[in-house]
Each structure stands twice: as structure tokens, then as C-alpha cells.
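Student: Sharing a structure, written as C-alpha cells. Questions coming.
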Amino acid sequence: DRILLQSIGENSYEIIEFSRTRGILLLTLVFVVLVLLIGGKKGFNALVGLVYSFAIILYFIIPHILSGMNPIIVSLIGSILILIVTLYVSYGFNKKSLSAFIGISLTLLFVGILAQYAVHALHFTGLGSEESSFLLQEMAGKIDFVSLIIGGIIIAAIGVLDDVAITQASTVFALHSMDSRIKHWELYKKAMEVGKDHSSAVINTLVLAYT
């Protein structure tokens, strides 16, 4: 096994962790190859969007939270930046991606407002114990840990919302292309039949993801 050591004195070391670099790189390579083989150009675009999402989280969201900015505002701005690029890279600039973007943005605002109310009403602190509270406040006294919880809820919701919104938009456009004479109300009702199935599946997905 490859391991990481820490010096604790002259010629004395302790094992602090296994080195997982090779394994992670191998799994990443397998993942990329499968995505490209199955998804082709769309798979490549999805990978570009994924790299961009990580870049926003690592170089925008985390640094701004650590600098003392409100995690909720930072998370919302970061989420919008992620959505703008990933939706258009994956699906192009068209009515379908635009409608999905509007739907996700409005839902994220709703999620933020509801999460803020729930977290404050239930008196969450964002900290696990008195010991962790003392340690974290010493390390990062500027951070509002309650807002950090809400920011985490917002960011965690993006992935599910992205999938649901674009699929719902695709459903509406597919139904309309089958019969362009269909009335708006009928189109809405047909799309909502799919939407109800989506909602049922998403409830389980979100609970499992947050768990």
C-alpha cells in the first residue's frame, strides 16, 4: 500500500492516511471513457460543464464564503453561474434551455427562502457539538454557519433540479412537436402528468441524497 506519513520526531513517523491518488485517477478515467462512449458529443459537453461547476465551487463559492461573505448569497450567485454555462453547454442556446434555466432559478430562490425559514425556525446552529463549535469558530470566525447550511441545501438542489427541469422542458417541446395545434392548457396537463411522476421520484432522490 502507498501511505502518507507525518514526522513526529527524528527518524519517527506516524501513518496519517492511505494514498488514494492512483485509485481516484483510475476511477475518473473509467468514468470519463464511459461518458464519452455512451454520450458522445453530449457526454463531452457534460464533462466540460462538470469541470466548470467544480471550478465555480472551488474558485468562487468557497473563497468568498471563507472571506466572510454571506453563504446564502454566494451560493445563489454561484448556482446561477453554474446553471448558465452548464445548461447552454449541454443543451445549446434555445427555448428549451432558457425555459429550464428560468424554472430552476425560480425554484432555487424558493428553496433558499424555505430553507432559511426552516433552519431558523428549528434553531439549527450549523455545528455538531460544543467542541466543534469552539474549534470551527477559532479557525473561521467570520463564517456564518447557519447560512452555510442553507447554502449547502441550495447547491445540493441544483443537480436534481437540472435533471428534472430540462427533462420537463424536453417533454413539453416533444409533445408540441407531435401536434402543434394542441392548446396551451392541454399541453400543460399532459406535461404535468410526466411532472407528477418526476415529483414522486425526486422526493425519494432528494431524501436519499441529503441522507
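Naming scheme: A, B, ... for chains in displayed order of the C-alpha cells; residues 1 onward per chain; ligands 1 onward as shown.
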List as a list in words the protein and nucleic acid residues near His64 (chain A), meaning an atom at most 12 Å away when only C-alpha atoms are counted, but skip any in the same chain fewer than 2 places from it.
Tutor: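 Result of the neighbour search: Ile56, Ile57, Leu58, Tyr59, Phe60, Ile61, Ile62, Leu66, Ser67, Gly68, Met69, Asn70, Pro71, Ile72, Ile73, Val74, Ser75, Ile77, Gly78, Lys142, Ile143 and Leu148 of chain A.
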Student: Give me the residues within 12 Å of Ile82 (chain A) as a ChimeraX atom specification, counting only C-alpha atoms and dropping any in the same chain fewer than 2 places off.
Tutor: /A:48-57,60-61,75-80,84-90,101,104-105,155,158-159,162
Student: Please identify the alpha helix (DSSP H) residues within region 53-146 of chain A (assignment by DSSP from backbone atoms) and present them as a PyMOL selection string.
Tutor: chain A and resi 53-56+62-66+71-91+95-121+130-139+145-146
Student: Measure the distance from CA of Gln116 (chain A) to CA of Gly151 (chain A) in Å and round it to one decimal.
Tutor: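 A separation of 9.3 Å between them.
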Student: Give me, please, the distance in Å between CA of His120 (chain A) and CA of Ala157 (chain A), quoted to one decimal.
Tutor: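 Taking CA of His120 (chain A) and CA of Ala157 (chain A), their separation equals 19.1 Å.
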Student: Which one of A:Lys96, A:Thr28, A:Ile65, A:Arg20 sits closest to Leu47 (chain A) if you count only C-alpha atoms?
Tutor: A:Thr28
Student: May I have the residues within 12 Å of Phe173 (chain A) as JSON, numbers by chain, using only C-alpha atoms and disregarding those fewer than 2 positions away in the same chain?
Tutor: {"A": [94, 95, 96, 97, 99, 100, 166, 167, 168, 169, 170, 171, 175, 176, 177, 178, 179, 180, 182, 184, 187, 188, 190, 191]}
Student: To one decimal place, how far is CA of Glu17 (chain A) from CA of Leu5 (chain A) in Å?
Tutor: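 Going from CA of Glu17 (chain A) over to CA of Leu5 (chain A) covers 7.3 Å.
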Student: If we count only C-alpha atoms, what is near Gln6 (chain A) at a cut-off of 9 Å, once residues fewer than 4 positions away on the same chain are taken out, given as a ChimeraX atom specification?
Tutor: /A:12-16
Student: Measuring atom to atom with only C-alpha atoms, identify which of A:Leu106, A:Val119, A:Ala165, A:Asn11 is nearest to His198 (chain A).
Tutor: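 Selected residue with least distance to His198 (chain A): A:Ala165.
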Student: Any idea what's packed within 12 Å of Leu36 (chain A), counting only C-alpha atoms, ignoring anything in its chain fewer than 5 positions away? Could you give it as a list in words?
Tutor: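 Non-adjacent residues within range: Leu29, Val30, Phe31, Lys41, Lys42, Gly43, Phe44, Asn45, Ala46, Leu47 and Val48 of chain A.
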Student: For Ile113 (chain A), work out the shell of residues within 10 Å, counting only C-alpha atoms and skipping chain neighbours fewer than 5 positions away, then give it as a list in words.
Tutor: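 Using only C-alpha atoms, the neighbours found are Ile72, Thr107, Leu108, Ala118, Ile150 and Ile154 of chain A.
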Student: Export, as an mmCIF file, in the first residue's frame, the selected residues with C-alpha atoms.
Tutor:
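In the end it all went to out-v9.cif:
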```
data_model
loop_
_atom_site.group_PDB
_atom_site.id
_atom_site.type_symbol
_atom_site.label_atom_id
_atom_site.label_comp_id
_atom_site.auth_asym_id
_atom_site.auth_seq_id
_atom_site.Cartn_x
_atom_site.Cartn_y
_atom_site.Cartn_z
ATOM 1 C CA ILE A 72 -26.639 32.120 1.007
ATOM 2 C CA THR A 107 -37.096 27.161 -7.731
ATOM 3 C CA LEU A 108 -33.666 27.895 -6.217
ATOM 4 C CA ALA A 118 -36.850 26.095 8.328
ATOM 5 C CA ILE A 150 -28.731 26.966 3.744
ATOM 6 C CA ILE A 154 -29.227 25.342 -2.342
#
```
